[in-house]
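Notes follow the structure.
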Amino acid sequence: MPAFPKKWLWVVLILAFGVPLLQPILPDAVSNYRLFLVSTMIIAAIAVLGLNLLTGFNGQISLGHGAFYAVGAYTAAILMDKLDVPYYATLPAAAVVCFAVGYLFGLPALKLEGHYLALATFALALAVPQILKYKWLEDLTGGVQGIVLSKPEVPFGLPLNEDQWLYYYCLVTMIVLFWAANNMLNSRSGRAMMAIRDHYMAADTMGINTARYKTVTFGISAAYTGIAGALSASAIAFVAPDSFNLFLSIKFLIGLVVGGVGSLTGSVVGGIFYVLVDNSAQAISTFIKNDLGLQFDISAYTIFGVLLILLMYLMPQGIVGGVYVLVRRFRRG
Amino acid sequence: MEQLLEQVASGLANGAIYACVALALVMIYVSTDHLNFAQGEMAMFSTYISWQLMAWGVSFWLAFILTIAISFVLGVIIERAILRPLHNAPVLSVVVVFIGLLAICNSMAGAIWSYLIKEYPSPFPKATFGVAGVIGPHQLGVVIVTLIVLTLLFLFFRYTPLGLAMRAAAQNPQMARLVGVRVDWMLALGWGLAAAVGSVAGMMVAHIVYLDPNMMSGILLYAFAGALIGGIGNPGGAVVGGFIVGVLENMVAYAGNMIEKTTGIYIIGNGEKLTVALIIVIFVLTVKPAGLFGRVVVKRV
Amino acid sequence: MKSSRRSFVAGASAAALSGKAAFAQNKYEDGVSDTEIRIGNTNPYSGPASAYAAIGKTIDAYFKSVNEAGGINGRKVKFISMDDGYVPSKTVEVVREMVESAKIFALFQPLGTPCNNAIQKYMNTRKVPQLFVATGASKWGDPANFPWTMGYQPDYHTEAVIYARHALATVKDAKIGVLSQNDDYGRDYVGGLKEGLGKEVGRIVRSVTFEATDPTVDSQIIQLKDSGANVFMNFSGPKAAAQGIRKAADLHWKPVHYLNNISASVAAVMKPAGYENAQGIITAAYLMDATDAQWSDHAEMKTWSAWMDKWMPGANKADANHIYAYGVSFLMTETLKRCGSELTRANLMKQAAGFQKFRVPLLLPGINVSTSPTDFYPIQAVQLERFKGETWDLFGDIMHAESS
């Protein structure tokens with residue numbers, strides 16, 4: 001899939017850094033809530049990127065990335081709550097912990113393929129909330145109650161409010177992580193990763209250490225998603241087992257597929273979609289109820305389902321793939 | 001000792017539920033090569049249809065047969081209308097469509113019939129036998145019905161031309177087309193059959209877990225595990241796998257209970273029983289990657 | 001009291017004069033205008049807890065009926081209810097949207113303990129009322145630390161204390177087996193039970209949990225029976241409760257059975273579980289049950305029933321959530337009414353904390369709403385009842401909890 005054009009990348013970056021500063025001039029258009037919403041999109045984009053590294057670039061499916069997200073979030077929360085670690089230091093910690101968990105999980109996963117891997121990862125997503133509630137860990141994790149945290153404070157007396165700072169904090173993290181992922185994918189290792197996805201046996205024959213690449217990719221992928229989890233702990237300022245149910249993992253998968261499998265830009269689109277789909281489904285549902293005056297109650301969940309099917313119908317390759325096809329057709333025509 | 005017996009019996013009874021749903025999962029896998037995540041919700045929706053029929057005064061077995069027929073038609077329609085256009089889409093995109101279907105079935109059932117749990121009748125005569133209440137007539141009935149469905153499917157896929165054609169269409173569409181099998185219709189039939197089997201599962205399960213729109217969400221995972229441990233392409237294996245998962249889960253709880261009783265230390269309990277059972281299942285799968293009864297498929301390059 | 005009377009006068013004169021000068025005396029905050037009051041809400045319209053969606057829908061219908069009757073002091077209520085799927089992180093997102101973007105005046109009946117946990121700090125920092133929350137956790141009445149959060153129903157903790165005391169008083173040589181959902185709500189009950197037992201806490205011979213996703217609780221009931229318990233504390237939601245009642249009967253296990261009141265519905269639990277299996281079960285109630293024949297001639301029940309026919313045609317009247325939501329909406333409407341034209345958030349909390357023995361329809365006879373600046377638990381009384389035939393049979397006195 002094509003890379004995002006460089007020229008436009010700069011425009012987007014300048015906008016991303018500049019627009020929040022317009023808040024004093026346009027208080028309604030650049031509200032704190034919207035910044036918060038964009039921050040959650042950024043966090044989702046990082047999580048989807050993590051999944052994309054594994055599924056999109058290495059060909060291993062995961063229905064359980066919510067588990068790594070939860071581990072990252074809880075690592076950050078416990079460090080902040082019990083050890084008073086500053087919030088920015090929780091990101092590397094979450095990355096290390098999740099890498100270890102992902103790597104270890106990747107070892108048995110080597111033996112599993114396709115549906116079996118799907119089951120194993122699904123089980124992981126199911127197990128993590130249970131483990132968080134486990135009796136002997138309760139002192140640490142807060143059990144079913146969860147942990148209430150504080151929002152990141154604005155450092156160095158910068159003239160920003162909490163939401164603006166949170167936004168920049170997430171944005172910079174995302175840029176660093178995407179830059180790193182891009183470099184990795186364009187390196188020798190990245191090509192090896194993709195070779196394993198495209199033709200396992202050929203890659204193996206060519207002397208690529210497939211087992212090591214697969215497990216390390218699992219670790220890196222988990223670390224990315226874990227960092228997203230740690231960011232979310234700061235952004236939401238609360239962690240509880242209920243936040244990390246099975247559907248979270250499913251939604252990451254949806255974000256991945258709708259954005260574009262095997263595309264960095266697709267991960268960003270997926271993150272945006274992850275947040276927007278709920279809001280738009282809800283808006284459509286209310287619109288049908290209030291403005292069209294339909295008696296039968298069409299819930300947001302129904303609309304969500306219909307939206308997914310329609311999207312896959314129109315763009316089976318995801319939004320990025322779909323746009324690419326359109327652009328090409330347009331240029332040719 | 002009494003507890004052990006009761007736990008095994010209850011595990012077998014639950015296992016019958018998982019086996020039933022696992023069978024439906026295998027059905028769709030055998031005939032379309034997909035794992036349908038919406039299977040559970042479709043079965044739940046079918047069960048509501050049968051409930052509605054009975055509420056209108058239809059007798060159980062008539063409603064049972066009508067529902068199977070309706071579900072079959074609905075399955076075919078879903079395949080033709082929703083999945084047919086996605087024939088060449090990547091697998092993951094199809095998975096997303098399944099999730100969309102799941103959301104629609106679940107929320108529509110809630111909107112039409114409300115989220116309140118409903119009692120669902122058992123067609124089997126009320127009687128107690130054996131050790132007091134260890135296994136009820138309904139549980140036994142579920143096992144029998146599951147075995148009947150299994151036998152019918154086995155005969156269908158093994159001996160009828162249509163069944164053979166369906167298998168061929170799923171496993172190698174190009175070749176099947178070359179020998180004159182109408183592949184697209186075979187897939188639609190597969191969907192219809194899977195929906196029908198699913199509806200049987202739903203109508204058997206609903207008496208035990210009560211009918212509500214979320215009744216299948218928990219069961220689907222167990223069924224998934226059961227189908228995989230038995231070998232995903234093998235209906236008999238799926239049934240055995242379902243029973244294994246059901247008993248295994250209760251045994252984990254039982255073991256945890258015993259450990260706590262004898263040593264006084266809490267290690268595993270009901271919160272962890274599913275997790276531990278799944279870990280065991282996954283461990284087995286790493287040793288026997290094709291499932292207990294599956295055959296290893298050799299891929300030619 | 002004094003200031004509220006003044007605001008009442010101001011409201012009256014505003015209505016009388018309907019001039020610009022009079023409106024100038026009205027005090028408004030975000031979400032309020034001369035014609036509208038915006039009230040926010042979160043509810044799980046999707047996901048595993050979607051049975052509670054009936055509450056959000058009933059509140060919505062209730063405010064529509066209030067609006068049709070002229071609104072509250074001439075202002076229409078705009079009720080914005082958003083789906084959080086019972087996921088706390090989602091609750092934070094939608095609540096921020098409602099507070100900061102949709103500019104709601106107050107958040108009313110947000111549902112779920114973890115969901116309310118996630119937003120409590122935020123609401124109190126922003127000083128936006130988080131009023132009459134839809135959870136029975138005991139932590140919502142803490143005005144010293146969280147002056148913008150107020151509970152509504154009798155809390156789970158107190159309810160369990162009552163069961164514990166009753167069991168100790170009436171069952172000889174009680175050996176208690178506990179079934180509870182492995183989450184906040186189950187934990188609250190178990191905590192209350194232990195507190196109620198006090199020194200006798202060793203009487204709990206076995207405590208088992210289940211997950212909301214478990215297809216059945218058969219395995220747990222077997223363990224409880226095996227423990228030799230003669231008292232069964234059943235702290236589970238409707239589905240698991242019905243399964244538990246039936247399984248206990250199937251196993252011929254006949255303990256003294258206490259059932260938490262969220263699962264006390266005749267139609268949704270007792271009937272599916274089988275009347276013959278449910279005889280003698282004890283619960284603590286504070287609401288009337290629409291499916292219980294003894295209330296069918298009660299005036300409030302008739303009003304409610306007619307209201308349901310008109311505003312929620314097709315809804316299942318057996319669902320206790322409709323009764324619950326109807327009552328709490330009535331209380332909210334009254335609270336807003338009492339604010340007069342001084343529609344400030346501080347005044348709303350003040351009015352909410354100023355109820356004295358106020359009658360909310362469909363509460364059991366003798367149970368009222370009472371609050372004060374230090375008492376943020378509106379309903380604190382329950383009465384025990386025992387299942388007999390096909391209805392609940394009230395017995396004993398109304399019990400007032402001393403939870404706060």
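Here's how to read the names in the structure tokens: chain A, B, ... by the order shown, residue numbers from 1 in each chain, ligand numbers from 1 in the order shown.
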Select, as an mmCIF file with C-alpha atoms, in the first residue's frame, those residues of chain B with any atom no more than 7 Å from chain C (distances computed using only C-alpha atoms).
```cif
data_model
loop_
_atom_site.group_PDB
_atom_site.id
_atom_site.type_symbol
_atom_site.label_atom_id
_atom_site.label_comp_id
_atom_site.auth_asym_id
_atom_site.auth_seq_id
_atom_site.Cartn_x
_atom_site.Cartn_y
_atom_site.Cartn_z
ATOM 1 C CA GLN B 3 -19.876 -33.075 44.725
ATOM 2 C CA GLU B 6 -22.635 -33.514 40.577
ATOM 3 C CA GLN B 7 -19.884 -31.383 39.063
ATOM 4 C CA SER B 10 -23.386 -30.466 35.509
ATOM 5 C CA TYR B 115 -33.947 -7.466 27.414
ATOM 6 C CA LEU B 116 -35.987 -9.090 30.150
ATOM 7 C CA ILE B 117 -35.219 -12.772 30.579
ATOM 8 C CA LYS B 118 -37.959 -15.087 29.373
ATOM 9 C CA GLU B 119 -38.683 -18.593 30.449
ATOM 10 C CA ALA B 132 -31.260 -36.910 42.957
ATOM 11 C CA GLY B 133 -31.272 -34.183 40.357
ATOM 12 C CA VAL B 134 -27.771 -34.891 39.145
ATOM 13 C CA VAL B 209 -29.951 -20.464 30.507
ATOM 14 C CA ASN B 214 -27.263 -11.883 25.531
ATOM 15 C CA GLY B 218 -20.989 -16.264 26.947
ATOM 16 C CA ILE B 219 -21.662 -19.613 25.312
ATOM 17 C CA ASN B 250 -16.219 -27.639 36.341
ATOM 18 C CA ASN B 270 -14.906 -19.689 40.101
ATOM 19 C CA GLY B 271 -13.459 -16.409 38.858
#
```
Considering only C-alpha atoms, return as number ranges by chain whatever protein or nucleic-acid residues lie within 9 Å of C:Lys388, sequence-local ones (same chain, fewer than 2 positions apart) excluded.
C: 275, 278-281, 386, 390-393
At most 8 Å to chain C: residues in chain A, only C-alpha atoms, as a PyMOL selection string
chain A and resi 31-33+37+144-146+148+236-240+242-244+282+299-301
Using only C-alpha atoms and a cut-off of 8 Å, which residues of chain A sit close to chain B? Please list them as number ranges by chain.
A: 108-109, 111-112, 115-116, 119-120, 123, 126-127, 130-131, 134, 253-254, 257-258, 297-299, 301-309, 312-313, 316-318
Taking C-alpha atoms for each residue, export the selection above as an mmCIF file, in the first residue's frame.
```cif
data_model
loop_
_atom_site.group_PDB
_atom_site.id
_atom_site.type_symbol
_atom_site.label_atom_id
_atom_site.label_comp_id
_atom_site.auth_asym_id
_atom_site.auth_seq_id
_atom_site.Cartn_x
_atom_site.Cartn_y
_atom_site.Cartn_z
ATOM 1 C CA PRO A 108 3.273 -20.796 22.415
ATOM 2 C CA ALA A 109 1.544 -18.754 19.732
ATOM 3 C CA LYS A 111 2.626 -23.283 17.307
ATOM 4 C CA LEU A 112 -0.810 -21.886 16.594
ATOM 5 C CA HIS A 115 -8.293 -19.828 14.023
ATOM 6 C CA TYR A 116 -6.259 -21.390 16.800
ATOM 7 C CA LEU A 119 -8.875 -18.510 20.063
ATOM 8 C CA ALA A 120 -5.687 -18.196 22.102
ATOM 9 C CA ALA A 123 -8.816 -16.281 25.662
ATOM 10 C CA LEU A 126 -10.980 -12.820 28.461
ATOM 11 C CA ALA A 127 -8.409 -13.789 31.067
ATOM 12 C CA GLN A 130 -10.256 -11.929 35.531
ATOM 13 C CA ILE A 131 -6.626 -11.732 36.551
ATOM 14 C CA TYR A 134 -7.754 -12.121 41.204
ATOM 15 C CA LEU A 253 -9.675 -5.250 15.144
ATOM 16 C CA ILE A 254 -12.488 -3.257 13.577
ATOM 17 C CA VAL A 257 -9.690 -3.504 9.175
ATOM 18 C CA VAL A 258 -11.700 -0.358 8.545
ATOM 19 C CA ASP A 297 -36.527 2.183 18.369
ATOM 20 C CA ILE A 298 -33.415 1.681 16.264
ATOM 21 C CA SER A 299 -30.578 1.610 18.744
ATOM 22 C CA TYR A 301 -25.806 -0.628 18.333
ATOM 23 C CA THR A 302 -27.932 -1.573 15.311
ATOM 24 C CA ILE A 303 -26.627 1.430 13.410
ATOM 25 C CA PHE A 304 -23.105 0.449 14.387
ATOM 26 C CA GLY A 305 -23.649 -2.970 12.827
ATOM 27 C CA VAL A 306 -25.156 -1.524 9.669
ATOM 28 C CA LEU A 307 -22.294 0.972 9.337
ATOM 29 C CA LEU A 308 -19.722 -1.813 9.575
ATOM 30 C CA ILE A 309 -21.417 -3.906 6.924
ATOM 31 C CA MET A 312 -16.983 -3.368 4.180
ATOM 32 C CA TYR A 313 -19.387 -3.497 1.275
ATOM 33 C CA PRO A 316 -13.506 -4.172 1.478
ATOM 34 C CA GLN A 317 -9.854 -3.137 1.645
ATOM 35 C CA GLY A 318 -10.503 -0.547 4.340
#
```
Which distance in Å separates atom CA of B:Gly237 and atom CA of B:Thr67, to one decimal?
26.3 Å
Can you tell me, as an MDAnalysis selection string, what residues are no more than 10 Å from B:Met42 when counting only C-alpha atoms, ignoring any on the same chain fewer than 5 positions away?
chainID B and resid 36:37 47:48 71 74:75 101:102 104:106 109 194:196 198:199 202 216
Dump N, CA and C atoms for the selected residues as a PDB file, in the first residue's frame?
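Output contents, as saved in again.pdb:
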```pdb
ATOM      1  N   ASN B  36     -17.902 -18.151  11.912  1.00  0.00           N
ATOM      2  CA  ASN B  36     -18.906 -17.092  11.992  1.00  0.00           C
ATOM      3  C   ASN B  36     -19.119 -16.634  13.428  1.00  0.00           C
ATOM      4  N   PHE B  37     -18.638 -15.421  13.726  1.00  0.00           N
ATOM      5  CA  PHE B  37     -18.779 -14.916  15.087  1.00  0.00           C
ATOM      6  C   PHE B  37     -20.227 -14.543  15.407  1.00  0.00           C
ATOM      7  N   THR B  47     -34.190 -18.448  18.164  1.00  0.00           N
ATOM      8  CA  THR B  47     -34.900 -18.923  19.348  1.00  0.00           C
ATOM      9  C   THR B  47     -36.047 -17.980  19.701  1.00  0.00           C
ATOM     10  N   TYR B  48     -35.802 -16.692  19.535  1.00  0.00           N
ATOM     11  CA  TYR B  48     -36.883 -15.733  19.775  1.00  0.00           C
ATOM     12  C   TYR B  48     -38.044 -15.942  18.801  1.00  0.00           C
ATOM     13  N   SER B  71     -35.156 -20.320   9.865  1.00  0.00           N
ATOM     14  CA  SER B  71     -33.738 -20.013  10.051  1.00  0.00           C
ATOM     15  C   SER B  71     -32.940 -20.380   8.809  1.00  0.00           C
ATOM     16  N   LEU B  74     -33.538 -17.689   6.319  1.00  0.00           N
ATOM     17  CA  LEU B  74     -32.839 -16.466   6.723  1.00  0.00           C
ATOM     18  C   LEU B  74     -31.340 -16.591   6.463  1.00  0.00           C
ATOM     19  N   GLY B  75     -30.799 -17.763   6.781  1.00  0.00           N
ATOM     20  CA  GLY B  75     -29.375 -17.996   6.548  1.00  0.00           C
ATOM     21  C   GLY B  75     -29.023 -17.833   5.083  1.00  0.00           C
ATOM     22  N   LEU B 101     -23.020  -8.078  11.893  1.00  0.00           N
ATOM     23  CA  LEU B 101     -24.220  -8.924  11.970  1.00  0.00           C
ATOM     24  C   LEU B 101     -24.587  -9.215  13.417  1.00  0.00           C
ATOM     25  N   LEU B 102     -23.549  -9.506  14.194  1.00  0.00           N
ATOM     26  CA  LEU B 102     -23.731  -9.803  15.608  1.00  0.00           C
ATOM     27  C   LEU B 102     -24.420  -8.627  16.308  1.00  0.00           C
ATOM     28  N   ILE B 104     -26.225  -6.290  14.968  1.00  0.00           N
ATOM     29  CA  ILE B 104     -27.591  -6.088  14.498  1.00  0.00           C
ATOM     30  C   ILE B 104     -28.547  -7.098  15.132  1.00  0.00           C
ATOM     31  N   CYS B 105     -28.169  -8.386  15.099  1.00  0.00           N
ATOM     32  CA  CYS B 105     -29.040  -9.420  15.675  1.00  0.00           C
ATOM     33  C   CYS B 105     -29.315  -9.128  17.145  1.00  0.00           C
ATOM     34  N   ASN B 106     -28.245  -8.828  17.876  1.00  0.00           N
ATOM     35  CA  ASN B 106     -28.382  -8.613  19.312  1.00  0.00           C
ATOM     36  C   ASN B 106     -29.292  -7.434  19.620  1.00  0.00           C
ATOM     37  N   ALA B 109     -33.043  -7.967  18.504  1.00  0.00           N
ATOM     38  CA  ALA B 109     -33.783  -8.846  19.414  1.00  0.00           C
ATOM     39  C   ALA B 109     -34.173  -8.066  20.664  1.00  0.00           C
ATOM     40  N   ALA B 194     -26.213 -24.054   8.499  1.00  0.00           N
ATOM     41  CA  ALA B 194     -25.596 -23.636   9.753  1.00  0.00           C
ATOM     42  C   ALA B 194     -26.605 -22.871  10.602  1.00  0.00           C
ATOM     43  N   ALA B 195     -27.377 -22.004   9.962  1.00  0.00           N
ATOM     44  CA  ALA B 195     -28.376 -21.249  10.715  1.00  0.00           C
ATOM     45  C   ALA B 195     -29.411 -22.194  11.308  1.00  0.00           C
ATOM     46  N   ALA B 196     -29.761 -23.249  10.532  1.00  0.00           N
ATOM     47  CA  ALA B 196     -30.748 -24.208  11.035  1.00  0.00           C
ATOM     48  C   ALA B 196     -30.197 -24.971  12.237  1.00  0.00           C
ATOM     49  N   GLY B 198     -27.843 -23.990  14.182  1.00  0.00           N
ATOM     50  CA  GLY B 198     -27.749 -23.012  15.261  1.00  0.00           C
ATOM     51  C   GLY B 198     -29.083 -22.821  15.959  1.00  0.00           C
ATOM     52  N   SER B 199     -30.158 -22.787  15.174  1.00  0.00           N
ATOM     53  CA  SER B 199     -31.465 -22.570  15.789  1.00  0.00           C
ATOM     54  C   SER B 199     -31.839 -23.747  16.687  1.00  0.00           C
ATOM     55  N   GLY B 202     -29.992 -23.158  19.844  1.00  0.00           N
ATOM     56  CA  GLY B 202     -30.632 -22.102  20.628  1.00  0.00           C
ATOM     57  C   GLY B 202     -31.869 -22.606  21.345  1.00  0.00           C
ATOM     58  N   MET B 216     -26.313 -15.940  24.293  1.00  0.00           N
ATOM     59  CA  MET B 216     -25.301 -16.694  23.570  1.00  0.00           C
ATOM     60  C   MET B 216     -23.903 -16.100  23.706  1.00  0.00           C
TER      61      MET B 216
END
```
Residue neighbourhood stretch 294-306 of chain C, 10 Å, only C-alpha atoms, exclusion window fewer than 4 positions, as a compact mmCIF listing (two decimals) with N, CA and C atoms, in the first residue's frame:
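As written to disk, result19.txt reads:
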```txt
# COMPACT_ATOMS: atom_id res chain seq x y z
N MET C 288 -42.87 -1.18 44.88
CA MET C 288 -43.95 -2.11 44.57
C MET C 288 -43.59 -2.87 43.29
N ASP C 289 -44.11 -4.04 43.17
CA ASP C 289 -43.85 -4.85 41.98
C ASP C 289 -45.12 -4.90 41.14
N ALA C 290 -44.99 -4.48 39.88
CA ALA C 290 -46.17 -4.41 39.02
C ALA C 290 -46.78 -5.78 38.77
N LYS C 310 -49.92 4.96 27.79
CA LYS C 310 -49.91 6.11 26.89
C LYS C 310 -48.50 6.41 26.38
N TRP C 311 -47.53 6.35 27.27
CA TRP C 311 -46.20 6.86 26.90
C TRP C 311 -45.22 5.77 26.50
N MET C 312 -45.42 4.58 26.95
CA MET C 312 -44.52 3.50 26.54
C MET C 312 -45.32 2.31 26.04
N LYS C 317 -44.55 -4.33 31.03
CA LYS C 317 -44.81 -3.73 32.34
C LYS C 317 -44.24 -4.57 33.48
N HIS C 322 -39.01 -0.14 34.89
CA HIS C 322 -39.94 0.94 34.55
C HIS C 322 -40.46 1.61 35.82
N ILE C 323 -40.76 0.81 36.83
CA ILE C 323 -41.25 1.35 38.10
C ILE C 323 -40.18 2.20 38.75
N TYR C 326 -39.62 5.46 36.78
CA TYR C 326 -40.77 6.35 36.92
C TYR C 326 -40.65 7.13 38.24
N GLY C 327 -40.34 6.40 39.30
CA GLY C 327 -40.23 7.04 40.62
C GLY C 327 -39.11 8.06 40.67
N VAL C 360 -42.64 9.48 47.08
CA VAL C 360 -42.38 9.21 45.66
C VAL C 360 -43.27 8.03 45.28
N PRO C 361 -44.02 8.15 44.18
CA PRO C 361 -44.96 7.09 43.85
C PRO C 361 -44.28 5.74 43.67
N LEU C 362 -44.99 4.71 44.04
CA LEU C 362 -44.61 3.32 43.87
C LEU C 362 -43.55 2.82 44.85
N LEU C 363 -43.14 3.68 45.79
CA LEU C 363 -42.37 3.15 46.91
C LEU C 363 -43.36 2.38 47.78
N LEU C 364 -42.87 1.43 48.55
CA LEU C 364 -43.76 0.70 49.44
C LEU C 364 -44.41 1.68 50.42
N THR C 391 -47.00 -14.33 44.91
CA THR C 391 -46.70 -12.93 45.25
C THR C 391 -45.78 -12.85 46.47
N TRP C 392 -45.36 -11.62 46.73
CA TRP C 392 -44.53 -11.36 47.90
C TRP C 392 -45.43 -11.00 49.07
N ASP C 393 -45.04 -11.48 50.23
CA ASP C 393 -45.82 -11.27 51.42
C ASP C 393 -44.98 -10.42 52.38
```
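Distances to A:Leu83 were evaluated for A:Leu124, A:Leu140, A:Ala181, A:Ala47 using only C-alpha atoms, and the minimum falls at A:Leu140.
Atom CA of A:Pro27 is positioned 12.4 Å from atom CA of A:Gln164.
Counting only C-alpha atoms and comparing C:Lys350, C:Arg165, C:Lys139, C:Lys175, the residue that lies closest to C:Arg203 is C:Lys175.
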Contacts of B:Ala223 at 12 Å (only C-alpha atoms; same-chain gap of 6+ positions) as a tab-separated table (two decimals) with N, CA and C atoms, in the first residue's frame:
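Result saved to selection-v1.tsv:
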```tsv
chain	number	residue	atom	x	y	z
A	119	LEU	N	-8.32	-18.04	18.78
A	119	LEU	CA	-8.87	-18.51	20.06
A	119	LEU	C	-7.94	-18.17	21.21
B	14	ASN	N	-23.71	-28.77	30.78
B	14	ASN	CA	-23.24	-27.57	30.11
B	14	ASN	C	-22.55	-27.92	28.80
B	15	GLY	N	-21.80	-29.02	28.84
B	15	GLY	CA	-21.09	-29.45	27.66
B	15	GLY	C	-22.02	-29.71	26.50
B	16	ALA	N	-23.22	-30.22	26.80
B	16	ALA	CA	-24.20	-30.45	25.75
B	16	ALA	C	-24.55	-29.15	25.05
B	17	ILE	N	-24.67	-28.08	25.85
B	17	ILE	CA	-24.96	-26.77	25.27
B	17	ILE	C	-23.83	-26.34	24.34
B	18	TYR	N	-22.61	-26.44	24.86
B	18	TYR	CA	-21.47	-26.00	24.05
B	18	TYR	C	-21.36	-26.85	22.79
B	19	ALA	N	-21.60	-28.14	22.94
B	19	ALA	CA	-21.48	-29.05	21.81
B	19	ALA	C	-22.45	-28.65	20.70
B	20	CYS	N	-23.66	-28.32	21.12
B	20	CYS	CA	-24.70	-27.92	20.16
B	20	CYS	C	-24.26	-26.71	19.35
B	21	VAL	N	-23.77	-25.68	20.06
B	21	VAL	CA	-23.36	-24.46	19.37
B	21	VAL	C	-22.08	-24.70	18.57
B	22	ALA	N	-21.19	-25.52	19.13
B	22	ALA	CA	-19.94	-25.83	18.42
B	22	ALA	C	-20.26	-26.50	17.09
B	23	LEU	N	-21.28	-27.34	17.10
B	23	LEU	CA	-21.68	-28.03	15.88
B	23	LEU	C	-22.09	-27.03	14.80
B	24	ALA	N	-22.81	-26.00	15.22
B	24	ALA	CA	-23.22	-24.98	14.26
B	24	ALA	C	-22.00	-24.24	13.71
B	25	LEU	N	-21.03	-23.97	14.59
B	25	LEU	CA	-19.80	-23.30	14.14
B	25	LEU	C	-19.07	-24.15	13.11
B	26	VAL	N	-18.98	-25.43	13.40
B	26	VAL	CA	-18.29	-26.33	12.49
B	26	VAL	C	-19.02	-26.42	11.16
B	35	LEU	N	-15.17	-18.82	10.11
B	35	LEU	CA	-15.69	-18.98	11.46
B	35	LEU	C	-16.66	-17.83	11.69
B	36	ASN	N	-17.90	-18.15	11.91
B	36	ASN	CA	-18.91	-17.09	11.99
B	36	ASN	C	-19.12	-16.63	13.43
B	37	PHE	N	-18.64	-15.42	13.73
B	37	PHE	CA	-18.78	-14.92	15.09
B	37	PHE	C	-20.23	-14.54	15.41
B	39	GLN	N	-22.70	-16.41	14.76
B	39	GLN	CA	-23.48	-17.64	14.86
B	39	GLN	C	-24.36	-17.67	16.11
B	40	GLY	N	-23.76	-17.32	17.24
B	40	GLY	CA	-24.50	-17.36	18.50
B	40	GLY	C	-25.68	-16.41	18.49
B	198	GLY	N	-27.84	-23.99	14.18
B	198	GLY	CA	-27.75	-23.01	15.26
B	198	GLY	C	-29.08	-22.82	15.96
B	201	ALA	N	-29.68	-25.52	18.34
B	201	ALA	CA	-28.88	-25.29	19.54
B	201	ALA	C	-29.57	-24.26	20.44
B	216	MET	N	-26.31	-15.94	24.29
B	216	MET	CA	-25.30	-16.69	23.57
B	216	MET	C	-23.90	-16.10	23.71
B	217	SER	N	-23.81	-14.87	24.19
B	217	SER	CA	-22.50	-14.21	24.15
B	217	SER	C	-21.49	-14.97	24.99
B	229	ILE	N	-10.86	-27.56	19.85
B	229	ILE	CA	-10.13	-28.67	20.47
B	229	ILE	C	-10.51	-29.99	19.80
B	230	GLY	N	-11.71	-30.04	19.26
B	230	GLY	CA	-12.12	-31.26	18.58
B	230	GLY	C	-11.63	-31.33	17.15
B	232	ILE	N	-11.47	-28.32	13.95
B	232	ILE	CA	-12.52	-27.41	13.49
B	232	ILE	C	-13.33	-27.96	12.33
B	237	GLY	N	-15.91	-34.36	16.35
B	237	GLY	CA	-14.90	-33.81	17.25
B	237	GLY	C	-15.42	-32.61	17.99
B	238	ALA	N	-16.20	-31.78	17.30
B	238	ALA	CA	-16.74	-30.57	17.93
B	238	ALA	C	-17.65	-30.94	19.09
B	239	VAL	N	-18.46	-31.99	18.89
B	239	VAL	CA	-19.38	-32.39	19.96
B	239	VAL	C	-18.59	-32.89	21.17
B	240	VAL	N	-17.62	-33.77	20.90
B	240	VAL	CA	-16.79	-34.25	21.99
B	240	VAL	C	-16.06	-33.07	22.66
B	241	GLY	N	-15.54	-32.17	21.81
B	241	GLY	CA	-14.84	-30.99	22.33
B	241	GLY	C	-15.72	-30.17	23.25
B	242	GLY	N	-16.98	-29.99	22.87
B	242	GLY	CA	-17.92	-29.23	23.70
B	242	GLY	C	-18.06	-29.86	25.08
B	243	PHE	N	-18.20	-31.21	25.09
B	243	PHE	CA	-18.31	-31.91	26.38
B	243	PHE	C	-17.03	-31.76	27.19
B	244	ILE	N	-15.91	-31.85	26.50
B	244	ILE	CA	-14.63	-31.75	27.21
B	244	ILE	C	-14.54	-30.39	27.91
B	245	VAL	N	-14.87	-29.32	27.16
B	245	VAL	CA	-14.76	-27.98	27.75
B	245	VAL	C	-15.70	-27.85	28.95
B	246	GLY	N	-16.92	-28.35	28.80
B	246	GLY	CA	-17.88	-28.25	29.90
B	246	GLY	C	-17.40	-28.94	31.17
B	278	LEU	N	-9.31	-22.58	29.61
B	278	LEU	CA	-8.84	-22.17	28.28
B	278	LEU	C	-7.34	-22.36	28.13
C	215	PRO	N	-22.34	-18.84	31.41
C	215	PRO	CA	-23.65	-19.26	30.91
C	215	PRO	C	-24.59	-19.73	32.03
```
